[in-house]
Structure formats: C-alpha cells, structure tokens
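S.K.: Dropping in start-v4.cif, with mmCIF, C-alpha atoms.
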data_structure
loop_
_atom_site.label_atom_id
_atom_site.label_comp_id
_atom_site.auth_asym_id
_atom_site.auth_seq_id
_atom_site.Cartn_x
_atom_site.Cartn_y
_atom_site.Cartn_z
CA MET A 1 -1.84 11.93 12.64
CA TRP A 2 1.26 10.83 10.71
CA GLU A 3 3.16 13.61 9.02
CA PRO A 4 5.95 13.20 6.46
CA PRO A 5 9.38 14.12 7.85
CA TRP A 6 9.89 17.03 5.47
CA PRO A 7 7.54 19.18 3.38
CA PRO A 8 7.15 19.10 -0.41
CA ILE A 9 9.57 21.34 -2.29
CA GLN A 10 7.81 24.08 -4.24
CA ILE A 11 9.27 24.44 -7.74
CA SER A 12 6.68 26.84 -9.19
CA ASP A 13 3.54 28.66 -8.08
CA CYS A 14 1.47 25.47 -8.63
CA GLU A 15 3.94 22.54 -8.52
CA TRP A 16 5.79 20.67 -5.76
CA VAL A 17 8.35 17.87 -5.77
CA VAL A 18 8.09 15.19 -3.06
CA VAL A 19 11.17 13.31 -1.88
CA ARG A 20 10.87 10.07 0.09
CA ASP A 21 13.39 7.19 0.00
CA ASP A 22 16.20 8.59 -2.13
CA PRO A 23 17.20 12.20 -1.35
CA ARG A 24 18.68 12.55 -4.86
CA ARG A 25 15.55 11.43 -6.74
CA PRO A 26 11.97 12.72 -6.38
CA ALA A 27 9.20 10.26 -5.50
CA ALA A 28 6.35 12.26 -7.02
CA LEU A 29 5.09 15.55 -8.38
CA ILE A 30 2.11 17.44 -7.01
CA ARG A 31 0.28 20.01 -9.11
CA ARG A 32 -2.50 22.32 -7.99
CA ILE A 33 -5.36 22.25 -10.48
CA ASP A 34 -7.47 25.41 -10.33
CA THR A 35 -10.97 24.06 -10.80
CA ASP A 36 -14.04 24.59 -8.67
CA PRO A 37 -13.17 23.38 -6.06
CA PRO A 38 -9.38 23.35 -6.53
CA HIS A 39 -7.57 20.04 -6.05
CA PHE A 40 -4.03 18.65 -6.02
CA ARG A 41 -3.05 15.97 -8.55
CA VAL A 42 -0.26 13.57 -7.55
CA VAL A 43 1.76 11.59 -10.10
CA THR A 44 4.77 9.34 -9.60
CA TRP A 45 8.13 10.72 -10.66
CA ALA A 46 9.61 9.81 -14.03
CA GLU A 47 11.88 11.83 -16.30
CA ARG A 48 9.47 11.49 -19.21
CA SER A 49 5.94 12.75 -18.71
CA GLU A 50 4.39 9.71 -20.39
CA ASP A 51 6.07 7.36 -17.86
CA ARG A 52 4.38 9.01 -14.86
CA ARG A 53 1.43 7.30 -13.15
CA LEU A 54 -1.50 8.97 -11.42
CA VAL A 55 -1.56 8.42 -7.65
CA GLY A 56 -4.73 10.43 -7.03
CA ARG A 57 -6.43 13.78 -6.59
CA PHE A 58 -6.72 15.40 -3.16
CA THR A 59 -8.40 18.42 -1.61
CA SER A 60 -5.28 19.72 0.15
CA LEU A 61 -1.53 19.77 -0.30
CA ALA A 62 -1.08 17.99 3.06
CA ALA A 63 -3.41 15.14 2.03
CA ALA A 64 -1.56 14.81 -1.28
CA ASP A 65 1.78 14.68 0.54
CA ARG A 66 0.53 12.05 3.02
CA SER A 67 -0.66 9.84 0.15
CA LEU A 68 2.95 9.06 -0.78
CA LYS A 69 4.36 6.31 1.41
CA PHE A 70 7.92 5.26 2.05
CA ARG A 71 9.19 2.04 0.49
CA VAL A 72 10.51 -0.44 3.02
CA PRO A 73 14.09 -1.30 1.96
CA GLU A 74 14.96 -4.88 1.07
CA GLY A 75 16.32 -6.71 4.10
CA ALA A 76 14.87 -4.27 6.63
CA GLY A 77 13.14 -5.62 9.69
CA PRO A 78 13.76 -8.63 11.88
CA GLY A 79 13.25 -11.24 9.16
CA PRO A 80 11.26 -14.44 9.41
CA PHE A 81 10.29 -15.81 12.83
CA GLN A 82 13.07 -18.06 14.11
CA GLY A 83 11.15 -19.58 17.01
CA TYR A 84 11.36 -18.90 20.70
CA PRO A 85 14.68 -19.25 22.51
CA LYS A 86 15.23 -22.37 24.59
CA TRP A 87 13.79 -22.03 28.08
CA VAL A 88 16.46 -21.80 30.75
CA PRO A 89 15.28 -21.70 34.38
CA LEU A 90 16.48 -18.89 36.58
CA HIS A 91 16.78 -21.20 39.62
CA PRO A 92 17.39 -24.96 40.19
CA TRP A 93 13.96 -25.59 41.73
CA HIS A 94 12.84 -27.53 38.70
CA LEU A 95 15.46 -30.18 39.63
CA ILE A 96 13.93 -30.81 43.04
CA THR A 97 11.37 -33.62 42.96
CA GLN A 98 8.05 -33.43 44.77
CA VAL A 99 9.33 -35.79 47.53
CA ASP A 100 12.50 -33.74 48.12
CA ARG A 101 10.42 -30.63 48.76
CA TYR A 102 8.83 -32.15 51.86
CA ARG A 103 12.02 -33.69 53.33
CA GLY A 104 13.34 -30.35 54.28
#
Represent the structure of the file as structure tokens.

M.R.:
Amino acid sequence: MWEPPWPPIQISDCEWVVVRDDPRRPAALIRRIDTDPPHFRVVTWAERSEDRRLVGRFTSLAAADRSLKFRVPEGAGPGPFQGYPKWVPLHPWHLITQVDRYRG
C-alpha cells in the first residue's frame, strides 16, 4: 500500500499539519474529532479558517494522511507523444533482393 514519504506533524494533542509539494507551506490540517466513534477531519490549508475546504472524514490518521495527494508539477513527465523513431535496420539484409539470396 502507498505510504506518504513523511508523517504528519503533530502541532497539538488533536491536530496535525500535512506537508506535500512545498516544504515551506502546509497542504492540509487534520483534526481528531472525539465523537463515537472518533474520526479525523481533513481540510485544505489556508491562512484564514474560512478559506479552508473540507477534504473528508476518516477513521484513522493514516487514512486521512493518504487522502492528500501530491500535485504533479507543470512540465513534469515526458510530454506529448512524439511518434516512434525512424526504423533503422541493424544489418544490411533488407538490401538483398529475393533473387540475390539464392545466388550465393
């Protein structure tokens, strides 16, 4: 099973900060809600509380952490398909005609 590369950072007895793409800026906050049964609420990071968005509620801290994915950076990856390279034979046999093969 996929595991994030580093654990959430505990900032209080019931809150964790999750870092993903930018090591200087949190990606989300996780808070343990003591209900029956207890769950972990995940919200996106924003400086102002009203700008945060709910990601979901989870039954474990690990599940809450795994819910936050990494953003693929712009320009990452191989790019659009450029086609196959031109075929170049490894030997000159393709130049020999059918008649030349039997002449010896």

S.K.: Hey, what comes out of the PyMOL selection byres ((chain A and resi 8-19) around 10) on this file? Could you write it as an MDAnalysis selection string?

M.R.: chainID A and resid 4:7 20:34 40:42 44:45 61:62 64:65 68 70

S.K.: Between A:Val43, A:Pro80, A:Pro38, A:Pro85, which has the minimum distance to A:Thr59 (counting all atoms listed in the file)?

M.R.: A:Pro38

S.K.: Hey, can I get the axis-aligned box for stretch 3-18 of chain A? All listed atoms, 4 Å padding on each side, centre and edge lengths in Å to one decimal, as lines of an AutoDock Vina configuration file.

M.R.:
center_x = 5.7
center_y = 20.9
center_z = -0.1
size_x = 16.4
size_y = 23.5
size_z = 26.2

S.K.: Atom CA of A:Arg48 to atom CA of A:Asp36: how many Å, to one decimal?

M.R.: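 Spanning atom CA of A:Arg48 to atom CA of A:Asp36 is a straight-line distance of 28.9 Å.
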
S.K.: To one decimal place in Å, what is the distance between atom CA of A:Pro37 and atom CA of A:Leu54?

M.R.: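 Computing the Euclidean distance for atom CA of A:Pro37 and atom CA of A:Leu54 yields 19.3 Å.
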
S.K.: Quick one: distance from atom CA of A:His39 to atom CA of A:Ser67 in Å, one decimal?

M.R.: 13.8 Å

S.K.: Starting from the incomplete input, reconstruct N, CA and C atoms of stretch 6-29 of chain A and write that as a compact mmCIF listing (two decimals), in the coordinates of the input.

M.R.:
# COMPACT_ATOMS: atom_id res chain seq x y z
N TRP A 6 9.53 15.73 6.04
CA TRP A 6 9.89 17.03 5.47
C TRP A 6 8.80 17.43 4.47
N PRO A 7 8.63 18.72 4.25
CA PRO A 7 7.54 19.18 3.38
C PRO A 7 7.90 19.03 1.90
N PRO A 8 6.88 19.10 1.02
CA PRO A 8 7.15 19.10 -0.41
C PRO A 8 7.96 20.35 -0.79
N ILE A 9 8.72 20.24 -1.83
CA ILE A 9 9.57 21.34 -2.29
C ILE A 9 8.84 22.06 -3.43
N GLN A 10 8.54 23.32 -3.22
CA GLN A 10 7.81 24.08 -4.24
C GLN A 10 8.77 24.49 -5.35
N ILE A 11 8.41 24.12 -6.60
CA ILE A 11 9.27 24.44 -7.74
C ILE A 11 8.64 25.48 -8.66
N SER A 12 7.35 25.75 -8.48
CA SER A 12 6.68 26.84 -9.19
C SER A 12 5.48 27.26 -8.35
N ASP A 13 4.68 28.20 -8.87
CA ASP A 13 3.54 28.66 -8.08
C ASP A 13 2.46 27.58 -7.92
N CYS A 14 2.51 26.51 -8.72
CA CYS A 14 1.47 25.47 -8.63
C CYS A 14 2.02 24.05 -8.64
N GLU A 15 3.35 23.89 -8.48
CA GLU A 15 3.94 22.54 -8.52
C GLU A 15 4.89 22.33 -7.35
N TRP A 16 4.91 21.07 -6.84
CA TRP A 16 5.79 20.67 -5.76
C TRP A 16 6.42 19.33 -6.11
N VAL A 17 7.65 19.14 -5.64
CA VAL A 17 8.35 17.87 -5.77
C VAL A 17 8.36 17.23 -4.38
N VAL A 18 8.09 15.93 -4.33
CA VAL A 18 8.09 15.19 -3.06
C VAL A 18 9.23 14.20 -3.07
N VAL A 19 10.04 14.23 -2.01
CA VAL A 19 11.17 13.31 -1.88
C VAL A 19 10.84 12.34 -0.75
N ARG A 20 11.14 11.05 -0.95
CA ARG A 20 10.87 10.07 0.09
C ARG A 20 12.12 9.23 0.39
N ASP A 21 12.34 8.15 -0.33
CA ASP A 21 13.39 7.19 0.00
C ASP A 21 14.79 7.63 -0.42
N ASP A 22 14.89 8.20 -1.59
CA ASP A 22 16.20 8.59 -2.13
C ASP A 22 16.27 10.12 -2.17
N PRO A 23 17.15 10.74 -1.38
CA PRO A 23 17.20 12.20 -1.35
C PRO A 23 17.67 12.83 -2.66
N ARG A 24 18.21 12.02 -3.58
CA ARG A 24 18.68 12.55 -4.86
C ARG A 24 17.65 12.41 -5.97
N ARG A 25 16.55 11.69 -5.69
CA ARG A 25 15.55 11.43 -6.74
C ARG A 25 14.15 11.67 -6.19
N PRO A 26 13.33 12.47 -6.86
CA PRO A 26 11.97 12.72 -6.38
C PRO A 26 11.13 11.45 -6.40
N ALA A 27 10.15 11.39 -5.52
CA ALA A 27 9.20 10.26 -5.50
C ALA A 27 7.97 10.60 -6.32
N ALA A 28 7.58 11.88 -6.32
CA ALA A 28 6.35 12.26 -7.02
C ALA A 28 6.32 13.76 -7.28
N LEU A 29 5.37 14.14 -8.10
CA LEU A 29 5.09 15.55 -8.38
C LEU A 29 3.66 15.84 -7.98
